[in-house]
file final-v3.txt (compact mmCIF, C-alpha atoms and all ligand atoms)
# COMPACT_ATOMS: atom_id res chain seq x y z
CA MET A 63 2.43 -5.46 -12.34
CA LEU A 64 5.51 -7.32 -11.12
CA ALA A 65 4.74 -10.10 -13.61
CA ALA A 66 4.53 -7.49 -16.38
CA SER A 67 8.03 -6.24 -15.50
CA ALA A 68 9.33 -9.83 -15.36
CA SER A 69 7.87 -10.68 -18.76
CA LEU A 70 9.95 -7.93 -20.38
CA LEU A 71 13.14 -9.65 -19.20
CA ASN A 72 12.08 -13.20 -20.14
CA ILE A 73 12.00 -14.05 -16.46
CA LYS A 74 9.79 -17.01 -15.75
CA VAL A 75 7.17 -16.43 -13.09
CA ALA A 76 5.05 -18.93 -11.17
CA VAL A 77 2.13 -17.40 -9.33
CA LEU A 78 0.36 -18.75 -6.26
CA ASP A 79 -3.13 -17.30 -6.03
CA VAL A 80 -6.71 -18.53 -5.95
CA GLY A 81 -8.21 -19.19 -9.37
CA VAL A 82 -6.70 -20.33 -12.67
CA ASP A 83 -7.24 -16.84 -14.10
CA ALA A 84 -6.07 -14.81 -11.10
CA PRO A 85 -4.85 -11.35 -12.25
CA ALA A 86 -1.10 -12.06 -12.27
CA LYS A 87 -1.66 -15.36 -14.14
CA GLN A 88 -3.30 -13.39 -16.96
CA ILE A 89 0.00 -11.57 -17.54
CA ILE A 90 2.40 -14.50 -17.90
CA ALA A 91 1.38 -17.92 -19.23
CA SER A 92 2.99 -20.78 -17.29
CA SER A 93 2.21 -24.37 -16.45
CA SER A 94 3.83 -23.72 -13.07
CA HIS A 95 1.12 -21.41 -11.67
CA ILE A 96 -0.60 -22.82 -8.62
CA ASP A 97 -4.26 -22.53 -7.73
CA GLY A 98 -4.44 -21.90 -3.99
CA SER A 99 -4.21 -19.43 -1.17
CA PHE A 100 -1.03 -17.65 -0.08
CA ARG A 101 -2.11 -18.63 3.43
CA ASN A 102 -2.03 -22.35 2.60
CA LYS A 103 1.19 -23.95 3.88
CA GLU A 104 1.05 -26.92 1.50
CA LYS A 105 0.64 -24.66 -1.52
CA ILE A 106 3.50 -22.41 -0.39
CA LEU A 107 5.77 -25.45 -0.07
CA GLU A 108 4.62 -26.61 -3.50
CA ILE A 109 5.49 -23.32 -5.20
CA ALA A 110 8.83 -23.22 -3.35
CA SER A 111 9.74 -26.53 -4.97
CA LYS A 112 9.39 -24.92 -8.40
CA VAL A 113 11.33 -21.66 -8.02
CA ASP A 114 14.71 -20.11 -7.20
CA ILE A 115 13.36 -16.94 -5.61
CA LEU A 116 10.14 -16.32 -3.70
CA THR A 117 8.64 -12.89 -3.20
CA VAL A 118 5.28 -11.65 -1.95
CA GLU A 119 2.98 -8.86 -3.00
CA ILE A 120 1.03 -8.90 0.24
CA GLU A 121 2.51 -9.29 3.70
CA HIS A 122 -0.38 -11.27 5.18
CA VAL A 123 1.08 -14.57 4.03
CA ASP A 124 1.68 -17.68 6.13
CA VAL A 125 5.11 -16.89 7.64
CA GLU A 126 5.44 -20.30 9.27
CA ALA A 127 5.20 -21.81 5.82
CA LEU A 128 7.96 -19.49 4.59
CA GLU A 129 10.11 -20.51 7.57
CA ALA A 130 9.49 -24.14 6.61
CA VAL A 131 10.68 -23.27 3.08
CA GLN A 132 13.86 -21.79 4.56
CA LYS A 133 14.55 -25.12 6.28
CA GLY A 134 13.29 -27.49 3.60
CA HIS A 135 14.51 -25.59 0.51
CA PRO A 136 17.67 -23.75 1.59
CA ASN A 137 18.47 -22.92 -2.03
CA VAL A 138 15.31 -20.85 -2.45
CA ALA A 139 15.93 -17.18 -1.63
CA ILE A 140 12.98 -15.50 0.08
CA HIS A 141 12.70 -11.71 -0.26
CA PRO A 142 11.57 -10.06 1.93
CA SER A 143 12.86 -12.52 4.53
CA PRO A 144 10.32 -14.35 6.69
CA SER A 145 11.66 -12.52 9.75
CA THR A 146 11.00 -9.14 8.10
CA ILE A 147 7.50 -10.23 7.08
CA ARG A 148 6.79 -11.50 10.60
CA LEU A 149 7.93 -8.20 12.11
CA ILE A 150 5.89 -6.10 9.72
CA GLN A 151 2.77 -8.24 10.06
CA ASP A 152 2.54 -7.19 13.70
CA LYS A 153 2.14 -3.42 13.58
CA LEU A 154 3.07 -3.05 17.26
CA SER A 155 6.35 -5.01 16.80
CA GLN A 156 7.03 -2.87 13.73
CA LYS A 157 6.53 0.33 15.74
CA ARG A 158 8.72 -0.94 18.59
CA LEU A 159 11.47 -1.85 16.17
CA LEU A 160 11.37 1.56 14.47
CA ALA A 161 11.33 3.27 17.88
CA SER A 162 14.39 1.29 18.98
CA PHE A 163 16.31 2.83 16.06
CA GLY A 164 15.15 6.34 16.88
CA CYS A 165 12.85 6.70 13.85
CA PRO A 166 10.31 9.52 14.26
CA LEU A 167 6.96 8.10 15.42
CA GLY A 168 3.85 9.28 17.24
CA SER A 169 3.19 7.86 20.72
CA PHE A 170 1.81 4.35 20.87
CA GLN A 171 1.32 1.58 23.41
CA ALA A 172 0.12 -1.98 23.74
CA VAL A 173 -3.48 -2.26 24.89
CA ASP A 174 -5.41 -5.07 26.53
CA ALA A 175 -8.55 -5.56 24.47
CA ASN A 176 -10.91 -4.98 27.40
CA GLN A 177 -12.70 -2.07 29.12
CA ASP A 178 -9.90 -1.29 31.58
CA GLY A 179 -7.12 -1.62 29.03
CA ILE A 180 -8.70 0.71 26.51
CA ALA A 181 -9.85 3.24 29.14
CA HIS A 182 -6.27 3.30 30.44
CA ALA A 183 -4.84 3.93 26.94
CA ALA A 184 -7.39 6.71 26.35
CA LYS A 185 -6.28 8.33 29.60
CA GLU A 186 -2.60 8.06 28.68
CA LEU A 187 -2.81 9.05 25.00
CA GLY A 188 -5.95 11.21 24.95
CA LEU A 189 -9.00 11.31 22.67
CA PRO A 190 -9.69 10.72 19.89
CA LEU A 191 -7.65 7.55 20.22
CA MET A 192 -6.59 5.47 17.21
CA LEU A 193 -7.07 1.81 18.16
CA LYS A 194 -5.44 -0.65 15.79
CA SER A 195 -5.46 -4.37 15.38
CA ARG A 196 -1.85 -5.60 15.64
CA THR A 197 -2.19 -8.08 12.78
CA MET A 198 -4.08 -8.72 9.52
CA ALA A 199 -4.71 -5.02 9.00
CA TYR A 200 -5.05 -3.36 5.61
CA ASP A 201 -7.14 -0.60 4.04
CA GLY A 202 -7.95 0.60 7.54
CA ARG A 203 -9.97 -2.52 8.28
CA GLY A 204 -8.12 -3.04 11.53
CA ASN A 205 -8.49 0.59 12.69
CA TYR A 206 -11.07 2.15 14.99
CA VAL A 207 -11.24 5.76 16.13
CA LEU A 208 -12.39 5.92 19.75
CA ARG A 209 -13.96 9.33 20.35
CA SER A 210 -15.21 8.86 23.87
CA ALA A 211 -14.02 6.57 26.65
CA ASP A 212 -17.44 5.63 28.07
CA PHE A 213 -18.53 2.01 28.50
CA GLU A 214 -20.66 1.86 25.33
CA SER A 215 -18.00 3.42 23.09
CA ILE A 216 -15.32 1.04 24.35
CA THR A 217 -17.65 -1.93 23.91
CA ALA A 218 -18.31 -0.85 20.33
CA ALA A 219 -14.55 -0.59 19.68
CA ILE A 220 -13.90 -4.08 21.09
CA ASP A 221 -16.75 -5.54 19.05
CA PHE A 222 -15.46 -3.91 15.88
CA LEU A 223 -11.80 -4.74 16.30
CA SER A 224 -11.04 -7.76 18.32
CA HIS A 225 -14.11 -9.97 18.48
CA GLY A 226 -12.50 -10.95 21.77
CA SER A 227 -9.47 -12.55 20.13
CA ARG A 228 -7.33 -10.14 18.10
CA LYS A 229 -4.58 -8.30 19.90
CA LEU A 230 -4.73 -4.50 19.83
CA TYR A 231 -2.51 -1.52 20.35
CA ALA A 232 -3.22 2.21 20.49
CA GLU A 233 -1.74 5.22 18.76
CA LYS A 234 -2.03 8.81 19.86
CA TRP A 235 -4.14 10.70 17.32
CA VAL A 236 -1.85 12.41 14.78
CA PRO A 237 -3.33 15.73 13.60
CA PHE A 238 -1.54 15.55 10.26
CA VAL A 239 -1.95 18.18 7.56
CA LYS A 240 -0.88 15.81 4.80
CA GLU A 241 0.13 12.22 4.29
CA LEU A 242 3.16 11.34 2.24
CA ALA A 243 4.96 8.25 1.07
CA VAL A 244 8.41 7.31 -0.17
CA MET A 245 9.28 4.08 -1.94
CA VAL A 246 12.73 2.85 -1.00
CA VAL A 247 14.61 0.17 -2.92
CA ARG A 248 17.66 -1.78 -1.82
CA GLY A 249 19.69 -3.93 -4.19
CA LEU A 250 21.16 -7.31 -3.29
CA ASP A 251 24.56 -5.61 -2.86
CA GLY A 252 23.08 -3.16 -0.33
CA THR A 253 22.83 -0.17 -2.69
CA ILE A 254 19.91 1.90 -1.53
CA SER A 255 17.90 4.50 -3.37
CA SER A 256 14.50 6.13 -3.12
CA TYR A 257 11.76 7.50 -5.30
CA PRO A 258 10.61 11.09 -4.82
CA ALA A 259 8.30 11.82 -1.91
CA VAL A 260 4.64 11.86 -2.98
CA GLU A 261 1.46 13.12 -1.37
CA THR A 262 -1.17 10.47 -0.64
CA ILE A 263 -4.82 11.23 0.01
CA HIS A 264 -6.94 8.59 1.73
CA ARG A 265 -10.71 8.24 1.75
CA ASN A 266 -12.24 5.95 4.36
CA ASN A 267 -8.70 4.76 5.20
CA VAL A 268 -8.07 3.65 1.61
CA CYS A 269 -5.57 5.32 -0.71
CA HIS A 270 -7.63 7.49 -3.06
CA LEU A 271 -5.17 9.80 -4.85
CA VAL A 272 -1.42 10.19 -5.17
CA TRP A 273 0.32 13.35 -6.38
CA ALA A 274 3.94 13.10 -7.47
CA PRO A 275 6.26 14.71 -6.70
CA PHE A 276 5.14 16.10 -3.33
CA ARG A 277 4.07 19.70 -3.95
CA LEU A 278 4.97 22.41 -1.50
CA SER A 279 2.07 24.69 -0.65
CA ASN A 280 1.36 27.60 1.66
CA ILE A 281 1.05 25.47 4.75
CA ASP A 282 4.27 23.58 4.14
CA GLN A 283 6.68 26.04 2.66
CA ASP A 284 9.90 24.41 3.84
CA PRO A 285 11.60 23.50 0.53
CA THR A 286 13.64 20.78 2.23
CA LEU A 287 10.53 18.79 3.24
CA PRO A 288 10.55 16.26 0.37
CA THR A 289 14.27 15.56 0.87
CA LYS A 290 13.70 15.24 4.61
CA ALA A 291 10.92 12.69 3.98
CA GLU A 292 13.17 10.69 1.65
CA HIS A 293 15.94 10.75 4.24
CA ILE A 294 13.66 9.53 7.05
CA ALA A 295 12.30 6.73 4.85
CA ARG A 296 15.73 5.57 3.68
CA GLU A 297 17.14 5.67 7.17
CA ALA A 298 14.24 3.60 8.55
CA ILE A 299 14.82 0.89 5.96
CA GLU A 300 18.61 0.96 6.35
CA LYS A 301 18.45 0.65 10.12
CA ALA A 302 15.44 -1.57 10.73
CA PHE A 303 15.14 -4.00 7.83
CA GLU A 304 17.51 -6.24 5.95
CA GLY A 305 17.53 -7.62 2.46
CA PRO A 306 16.80 -6.54 -1.08
CA GLY A 307 13.55 -5.25 -2.52
CA VAL A 308 11.14 -2.35 -2.43
CA PHE A 309 9.68 -0.95 0.79
CA GLY A 310 6.80 1.55 0.95
CA VAL A 311 7.14 4.03 3.80
CA GLU A 312 3.93 5.86 4.78
CA MET A 313 4.36 9.12 6.71
CA PHE A 314 2.44 11.99 8.29
CA LEU A 315 3.32 15.67 7.90
CA LEU A 316 2.41 17.89 10.87
CA ASN A 317 1.69 21.59 10.59
CA ASP A 318 5.06 22.53 12.11
CA GLY A 319 6.88 20.57 9.38
CA GLU A 320 7.61 17.54 11.56
CA ILE A 321 7.40 14.19 9.76
CA LEU A 322 6.35 10.97 11.53
CA ILE A 323 6.39 7.44 10.13
CA ASN A 324 2.96 5.77 10.01
CA GLU A 325 3.87 2.30 8.76
CA ILE A 326 6.05 0.37 6.35
CA ALA A 327 5.12 -2.22 3.71
CA PRO A 328 7.88 -4.65 2.65
CA ARG A 329 6.89 -4.64 -1.04
CA PRO A 330 5.85 -2.45 -3.96
CA HIS A 331 3.11 -0.16 -2.72
CA ASN A 332 -0.06 1.46 -4.01
CA SER A 333 1.48 4.91 -3.64
CA GLY A 334 4.21 3.80 -6.08
CA HIS A 335 1.93 2.72 -8.94
CA TYR A 336 2.59 6.07 -10.61
CA THR A 337 6.25 5.03 -11.12
CA ILE A 338 5.21 2.77 -14.03
CA GLU A 339 4.56 5.74 -16.31
CA ALA A 340 6.38 8.50 -14.45
CA CYS A 341 9.82 7.16 -13.48
CA GLU A 342 12.84 5.94 -15.40
CA SER A 343 12.42 2.51 -13.78
CA SER A 344 9.20 1.55 -12.03
CA GLN A 345 8.95 0.18 -8.49
CA TYR A 346 8.16 -3.21 -10.06
CA ASP A 347 11.21 -3.15 -12.35
CA ASN A 348 13.30 -2.27 -9.35
CA HIS A 349 11.80 -4.82 -6.97
CA LEU A 350 12.57 -7.48 -9.54
CA ARG A 351 16.08 -6.20 -10.20
CA ALA A 352 16.72 -6.03 -6.45
CA ILE A 353 15.66 -9.57 -5.62
CA LEU A 354 17.48 -10.97 -8.68
CA GLY A 355 20.73 -9.18 -7.81
CA LEU A 356 20.63 -7.05 -10.97
CA PRO A 357 21.74 -3.40 -11.08
CA LEU A 358 19.00 -1.10 -9.83
CA GLY A 359 17.33 1.24 -12.32
CA SER A 360 17.04 4.98 -11.92
CA THR A 361 14.27 6.13 -9.59
CA ARG A 362 14.10 9.60 -11.14
CA MET A 363 10.90 10.96 -12.60
CA LYS A 364 10.96 11.25 -16.38
CA VAL A 365 7.93 13.55 -16.51
CA GLY A 366 7.26 16.83 -14.75
CA ALA A 367 4.49 15.47 -12.56
CA ALA A 368 2.05 12.58 -12.16
CA GLY A 369 -1.21 11.77 -10.42
CA MET A 370 -2.76 8.41 -9.62
CA LEU A 371 -6.41 7.68 -8.89
CA ASN A 372 -7.43 4.31 -7.48
CA ILE A 373 -10.48 2.74 -9.10
CA LEU A 374 -12.56 1.11 -6.39
CA GLY A 375 -15.52 -1.13 -7.11
CA SER A 376 -18.95 0.43 -6.63
CA SER A 377 -22.21 -1.10 -5.54
CA ASN A 378 -23.46 0.40 -8.77
CA SER A 379 -23.03 -2.75 -10.85
CA GLY A 380 -24.96 -3.09 -14.07
CA PRO A 381 -24.67 -2.51 -17.77
CA LEU A 382 -22.65 0.51 -18.87
CA LYS A 383 -24.85 3.55 -19.38
CA ILE A 384 -23.16 5.68 -21.98
CA SER A 385 -24.20 8.34 -24.38
CA PRO A 386 -24.55 7.16 -28.03
CA SER A 387 -21.41 8.98 -29.17
CA GLN A 388 -19.17 6.93 -26.90
CA SER A 389 -17.85 3.44 -27.52
CA SER A 390 -20.06 0.78 -25.98
CA LEU A 391 -17.13 -1.42 -25.03
CA SER A 392 -17.59 -2.69 -21.51
CA PHE A 393 -14.46 -3.42 -19.49
CA SER A 394 -15.96 -4.92 -16.36
CA ASP A 395 -19.21 -5.75 -14.62
CA ASP A 396 -19.05 -2.49 -12.69
CA PHE A 397 -20.63 0.71 -13.97
CA LEU A 398 -18.22 3.03 -12.16
CA VAL A 399 -15.11 1.13 -13.26
CA ASP A 400 -16.27 1.34 -16.87
CA LYS A 401 -17.27 4.97 -16.63
CA LEU A 402 -13.91 6.06 -15.18
CA THR A 403 -12.02 4.02 -17.76
CA HIS A 404 -13.94 5.63 -20.63
CA VAL A 405 -13.31 9.10 -19.22
CA ALA A 406 -9.59 8.31 -18.79
CA LEU A 407 -9.32 7.18 -22.41
CA GLY A 408 -10.24 10.72 -23.43
CA ILE A 409 -7.58 12.42 -21.29
CA PRO A 410 -4.10 13.09 -22.71
CA GLY A 411 -1.38 11.47 -20.61
CA ALA A 412 -3.81 9.13 -18.83
CA SER A 413 -3.13 5.39 -18.58
CA PRO A 414 -5.87 3.20 -17.16
CA HIS A 415 -4.80 -0.07 -15.54
CA LEU A 416 -7.55 -2.62 -14.92
CA TYR A 417 -6.47 -5.61 -12.88
CA GLY A 418 -8.66 -8.32 -14.39
CA LYS A 419 -10.20 -9.28 -11.06
CA ALA A 420 -13.04 -11.74 -11.57
CA GLN A 421 -15.66 -9.73 -9.73
CA SER A 422 -16.18 -6.21 -8.57
CA ARG A 423 -17.22 -5.49 -4.99
CA LYS A 424 -17.88 -2.19 -3.29
CA GLY A 425 -14.54 -0.73 -2.18
CA ARG A 426 -12.42 -3.43 -3.87
CA LYS A 427 -9.36 -2.14 -5.72
CA MET A 428 -10.25 -2.91 -9.35
CA GLY A 429 -7.60 -0.80 -11.05
CA HIS A 430 -6.01 2.62 -11.15
CA ILE A 431 -5.43 5.48 -13.56
CA THR A 432 -2.11 7.29 -13.81
CA ILE A 433 -1.93 10.71 -15.42
CA VAL A 434 1.37 12.29 -16.41
CA GLY A 435 2.05 15.85 -17.53
CA THR A 436 4.66 18.53 -17.73
CA SER A 437 3.66 20.22 -14.47
CA ASP A 438 1.69 19.67 -11.30
CA ALA A 439 -0.90 22.17 -12.56
CA GLU A 440 -1.35 20.29 -15.83
CA VAL A 441 -1.72 16.93 -14.09
CA ARG A 442 -4.30 18.32 -11.66
CA GLU A 443 -6.25 19.82 -14.55
CA ARG A 444 -6.13 16.52 -16.43
CA MET A 445 -7.38 14.69 -13.31
CA THR A 446 -10.43 16.97 -12.94
CA PRO A 447 -12.79 15.10 -15.35
CA LEU A 448 -12.15 11.87 -13.43
CA LEU A 449 -12.85 13.45 -10.05
CA THR A 450 -15.97 15.12 -11.46
CA CYS A 451 -17.14 11.80 -12.87
CA LEU A 452 -16.56 10.11 -9.52
CA ALA A 453 -18.48 12.83 -7.70
CA GLU A 454 -21.38 12.59 -10.18
CA VAL A 455 -21.66 8.80 -9.94
CA GLU A 456 -21.35 8.80 -6.17
CA GLY A 457 -23.93 11.58 -5.94
P1 LIG A 501 -2.81 0.03 4.56
O1 LIG A 501 -3.83 -0.39 3.56
O2 LIG A 501 -2.06 1.29 4.18
O3 LIG A 501 -1.91 -1.08 5.03
P2 LIG A 501 -3.76 0.02 7.32
O4 LIG A 501 -5.01 -0.76 7.51
O5 LIG A 501 -2.47 -0.61 7.75
O6 LIG A 501 -3.69 0.52 5.81
P3 LIG A 501 -3.00 2.54 8.53
O7 LIG A 501 -2.01 2.87 7.50
O8 LIG A 501 -2.52 2.23 9.91
O9 LIG A 501 -4.00 1.37 8.07
O10 LIG A 501 -4.06 3.72 8.66
C1 LIG A 501 -4.90 4.06 7.58
C2 LIG A 501 -5.11 5.55 7.57
O11 LIG A 501 -5.69 5.98 8.82
C3 LIG A 501 -3.84 6.37 7.46
O12 LIG A 501 -3.40 6.46 6.12
C4 LIG A 501 -4.29 7.69 8.04
O13 LIG A 501 -5.10 8.40 7.12
C5 LIG A 501 -5.18 7.25 9.20
N1 LIG A 501 -4.39 7.09 10.45
C6 LIG A 501 -3.64 6.03 10.80
N2 LIG A 501 -3.05 6.19 11.99
C7 LIG A 501 -3.44 7.40 12.45
C8 LIG A 501 -3.20 8.16 13.65
N3 LIG A 501 -2.42 7.69 14.64
N4 LIG A 501 -3.78 9.38 13.75
C9 LIG A 501 -4.57 9.88 12.77
N5 LIG A 501 -4.86 9.21 11.63
C10 LIG A 501 -4.31 7.99 11.46
MG MG A 502 -0.93 -1.31 6.66
MG MG A 503 -1.33 2.34 5.74
call {"tool": "encode", "arguments": {"input": "final-v3.txt", "output": "structure tokens"}}
result
Amino acid sequence: MLAASASLLNIKVAVLDVGVDAPAKQIIASSSHIDGSFRNKEKILEIASKVDILTVEIEHVDVEALEAVQKGHPNVAIHPSPSTIRLIQDKLSQKRLLASFGCPLGSFQAVDANQDGIAHAAKELGLPLMLKSRTMAYDGRGNYVLRSADFESITAAIDFLSHGSRKLYAEKWVPFVKELAVMVVRGLDGTISSYPAVETIHRNNVCHLVWAPFRLSNIDQDPTLPTKAEHIAREAIEKAFEGPGVFGVEMFLLNDGEILINEIAPRPHNSGHYTIEACESSQYDNHLRAILGLPLGSTRMKVGAAGMLNILGSSNSGPLKISPSQSSLSFSDDFLVDKLTHVALGIPGASPHLYGKAQSRKGRKMGHITIVGTSDAEVRERMTPLLTCLAEVEG
């Protein structure tokens, strides 16, 4: 999606990813693309020798390699900076940094990944206890909810999370009523602006739906809530992180209206995909403008409301089963991906985005669908056939 924004400005892009037809390479043709992992130091140094600016779309990159680029290729600008990436990669360091600037957070503490350490944290922070891996965490894969502090439960948590090696920390359980997110963008000159607060709904720890803008309902009547969320997000980025680019700030809303920060991603974020169709400049346009030192685009919504549904791979692979009246065009090797795409094509205001990933796997993010409309009610109504389809396929 960043490559798509770059292509509109004739900006040349070289992509480092595994495979000659990796998704971003399908967007922009270039002889400079590199086939390799973003965790491979040699490949990172190779791509650095070909570019003026390096950016990442995932924070789990090899930071040491980026630090080597800083030394070996001082003319290459790296955004976000390796120090920011290093900080954010370790969720405990990230929390400590945010706490040091007085950002609103739930209680957390470091935990030794053994029986005594976890039992101690459970005593201090209570149950259920959210145990998290400090590093290499995404889509909830580094999270474990400890419901009881007996020997067997703690053993199961250690087995799941650390395999005896990964460092852990613990968070007090946050009884949130909603989750929300704000994308913040800072230009090279320090100008900062934010997109509207949105509601995010997760299933099995993975972003499932996004509703934009955040809708006030009976449980959260305070009309200043969305502005408050934007303020908290902007302040966190201003105080805790340097440099240009987009940052995704994930937050929890409690039933008394309090907002706590969950975590921050130093890049365009899944909860900002809706900005492509719904905002005057998308998060990708703005990330690009920011790291290139161009004027930032407007973050305002240009439609009344938007919704975004992630398309996750199903285990339901096989040929598309469709009724004879529908087109038989198959978009992927995954029945559910195809089915949702066909349904979306029949909905006004719906834009399917398929990522061109080589293979579908259960739970893998294969694409998303954004729906725009004049009002929140219209967008929710337009989303209904997709949610019904999902429920039918999933049984
Ligand atoms: P991402 O893919 O967003 O990077 P992640 O693996 O870093 O995910 P988190 O964002 O830490 O995971 O947590 C995933 C989800 O788990 C949250 O969106 C929220 O629904 C739930 N969650 C996280 N922390 C807590 C907590 N302390 N209390 C209650 N629920 C939580
Ligand atoms: Mg995360
Ligand atoms: Mg998260």
call {"tool": "atom_distance", "arguments": {"input": "final-v3.txt", "atom1": "atom O2 of ligand LIG 501 (chain A)", "atom2": "CA of Tyr200 in chain A"}}
result
5.7 Å
call {"tool": "residues_around", "arguments": {"input": "final-v3.txt", "residues": "Gly369 in chain A", "least_positions_apart": "5", "cutoff": "12 Å", "atoms": "all atoms listed in the file", "output": "ChimeraX atom specification"}}
result
/A:260-263,270-277,333-340,411-414,430-446,448-449
call {"tool": "write_last_selection", "arguments": {"input": "final-v3.txt", "atoms": "C-alpha atoms", "output": "PDB file, in the frame of the given file"}}
result
ATOM      1  CA  VAL A 260       4.640  11.860  -2.980  1.00  0.00           C
ATOM      2  CA  GLU A 261       1.460  13.120  -1.370  1.00  0.00           C
ATOM      3  CA  THR A 262      -1.170  10.470  -0.640  1.00  0.00           C
ATOM      4  CA  ILE A 263      -4.820  11.230   0.010  1.00  0.00           C
ATOM      5  CA  HIS A 270      -7.630   7.490  -3.060  1.00  0.00           C
ATOM      6  CA  LEU A 271      -5.170   9.800  -4.850  1.00  0.00           C
ATOM      7  CA  VAL A 272      -1.420  10.190  -5.170  1.00  0.00           C
ATOM      8  CA  TRP A 273       0.320  13.350  -6.380  1.00  0.00           C
ATOM      9  CA  ALA A 274       3.940  13.100  -7.470  1.00  0.00           C
ATOM     10  CA  PRO A 275       6.260  14.710  -6.700  1.00  0.00           C
ATOM     11  CA  PHE A 276       5.140  16.100  -3.330  1.00  0.00           C
ATOM     12  CA  ARG A 277       4.070  19.700  -3.950  1.00  0.00           C
ATOM     13  CA  SER A 333       1.480   4.910  -3.640  1.00  0.00           C
ATOM     14  CA  GLY A 334       4.210   3.800  -6.080  1.00  0.00           C
ATOM     15  CA  HIS A 335       1.930   2.720  -8.940  1.00  0.00           C
ATOM     16  CA  TYR A 336       2.590   6.070 -10.610  1.00  0.00           C
ATOM     17  CA  THR A 337       6.250   5.030 -11.120  1.00  0.00           C
ATOM     18  CA  ILE A 338       5.210   2.770 -14.030  1.00  0.00           C
ATOM     19  CA  GLU A 339       4.560   5.740 -16.310  1.00  0.00           C
ATOM     20  CA  ALA A 340       6.380   8.500 -14.450  1.00  0.00           C
ATOM     21  CA  GLY A 411      -1.380  11.470 -20.610  1.00  0.00           C
ATOM     22  CA  ALA A 412      -3.810   9.130 -18.830  1.00  0.00           C
ATOM     23  CA  SER A 413      -3.130   5.390 -18.580  1.00  0.00           C
ATOM     24  CA  PRO A 414      -5.870   3.200 -17.160  1.00  0.00           C
ATOM     25  CA  HIS A 430      -6.010   2.620 -11.150  1.00  0.00           C
ATOM     26  CA  ILE A 431      -5.430   5.480 -13.560  1.00  0.00           C
ATOM     27  CA  THR A 432      -2.110   7.290 -13.810  1.00  0.00           C
ATOM     28  CA  ILE A 433      -1.930  10.710 -15.420  1.00  0.00           C
ATOM     29  CA  VAL A 434       1.370  12.290 -16.410  1.00  0.00           C
ATOM     30  CA  GLY A 435       2.050  15.850 -17.530  1.00  0.00           C
ATOM     31  CA  THR A 436       4.660  18.530 -17.730  1.00  0.00           C
ATOM     32  CA  SER A 437       3.660  20.220 -14.470  1.00  0.00           C
ATOM     33  CA  ASP A 438       1.690  19.670 -11.300  1.00  0.00           C
ATOM     34  CA  ALA A 439      -0.900  22.170 -12.560  1.00  0.00           C
ATOM     35  CA  GLU A 440      -1.350  20.290 -15.830  1.00  0.00           C
ATOM     36  CA  VAL A 441      -1.720  16.930 -14.090  1.00  0.00           C
ATOM     37  CA  ARG A 442      -4.300  18.320 -11.660  1.00  0.00           C
ATOM     38  CA  GLU A 443      -6.250  19.820 -14.550  1.00  0.00           C
ATOM     39  CA  ARG A 444      -6.130  16.520 -16.430  1.00  0.00           C
ATOM     40  CA  MET A 445      -7.380  14.690 -13.310  1.00  0.00           C
ATOM     41  CA  THR A 446     -10.430  16.970 -12.940  1.00  0.00           C
ATOM     42  CA  LEU A 448     -12.150  11.870 -13.430  1.00  0.00           C
ATOM     43  CA  LEU A 449     -12.850  13.450 -10.050  1.00  0.00           C
TER      44      LEU A 449
END
call {"tool": "atom_distance", "arguments": {"input": "final-v3.txt", "atom1": "CA of Leu242 in chain A", "atom2": "CA of Leu315 in chain A"}}
result
7.1 Å
call {"tool": "closest_residue", "arguments": {"input": "final-v3.txt", "among": "A:Arg248, A:Arg148, A:His349, A:Lys157", "to": "Thr117 in chain A", "atoms": "only C-alpha atoms"}}
result
A:His349
call {"tool": "closest_residue", "arguments": {"input": "final-v3.txt", "among": "A:Val399, A:Ile150, A:Ala76, A:Leu70", "to": "Met198 in chain A", "atoms": "only C-alpha atoms"}}
result
A:Ile150
call {"tool": "residues_around", "arguments": {"input": "final-v3.txt", "residues": "range 350-359 of chain A", "least_positions_apart": "3", "cutoff": "12 Å", "atoms": "all atoms listed in the file", "output": "NGL selection string"}}
result
:A and (63-71 or 73-75 or 114-119 or 138-143 or 246-257 or 305-309 or 329-330 or 337 or 341-347 or 362-363)
call {"tool": "closest_residue", "arguments": {"input": "final-v3.txt", "among": "A:Lys290, A:Pro328, A:Leu398, A:Ile90", "to": "ligand MG 503 (chain A)", "atoms": "only C-alpha atoms and all ligand atoms"}}
result
A:Pro328
call {"tool": "closest_residue", "arguments": {"input": "final-v3.txt", "among": "A:Leu187, A:Ser111, A:Asp83, A:Pro447", "to": "Ile409 in chain A", "atoms": "all atoms listed in the file"}}
result
A:Pro447
call {"tool": "closest_residue", "arguments": {"input": "final-v3.txt", "among": "A:His122, A:Lys185, A:Lys229, A:Lys133", "to": "ligand MG 502 (chain A)", "atoms": "all atoms listed in the file"}}
result
A:His122
call {"tool": "atom_distance", "arguments": {"input": "final-v3.txt", "atom1": "CA of Leu316 in chain A", "atom2": "CA of Glu300 in chain A"}}
result
23.9 Å
call {"tool": "closest_residue", "arguments": {"input": "final-v3.txt", "among": "A:Lys427, A:Leu154, A:Ser360, A:Ser224", "to": "ligand MG 502 (chain A)", "atoms": "all atoms listed in the file"}}
result
A:Leu154
call {"tool": "residues_around", "arguments": {"input": "final-v3.txt", "residues": "Ile96 in chain A", "least_positions_apart": "6", "cutoff": "8 Å", "atoms": "only C-alpha atoms", "output": "compact mmCIF listing (two decimals) with C-alpha atoms, in the frame of the given file"}}
result
# COMPACT_ATOMS: atom_id res chain seq x y z
CA ALA A 76 5.05 -18.93 -11.17
CA VAL A 77 2.13 -17.40 -9.33
CA LEU A 78 0.36 -18.75 -6.26
CA ASP A 79 -3.13 -17.30 -6.03
CA VAL A 80 -6.71 -18.53 -5.95
CA VAL A 82 -6.70 -20.33 -12.67
CA LYS A 105 0.64 -24.66 -1.52
CA ILE A 109 5.49 -23.32 -5.20
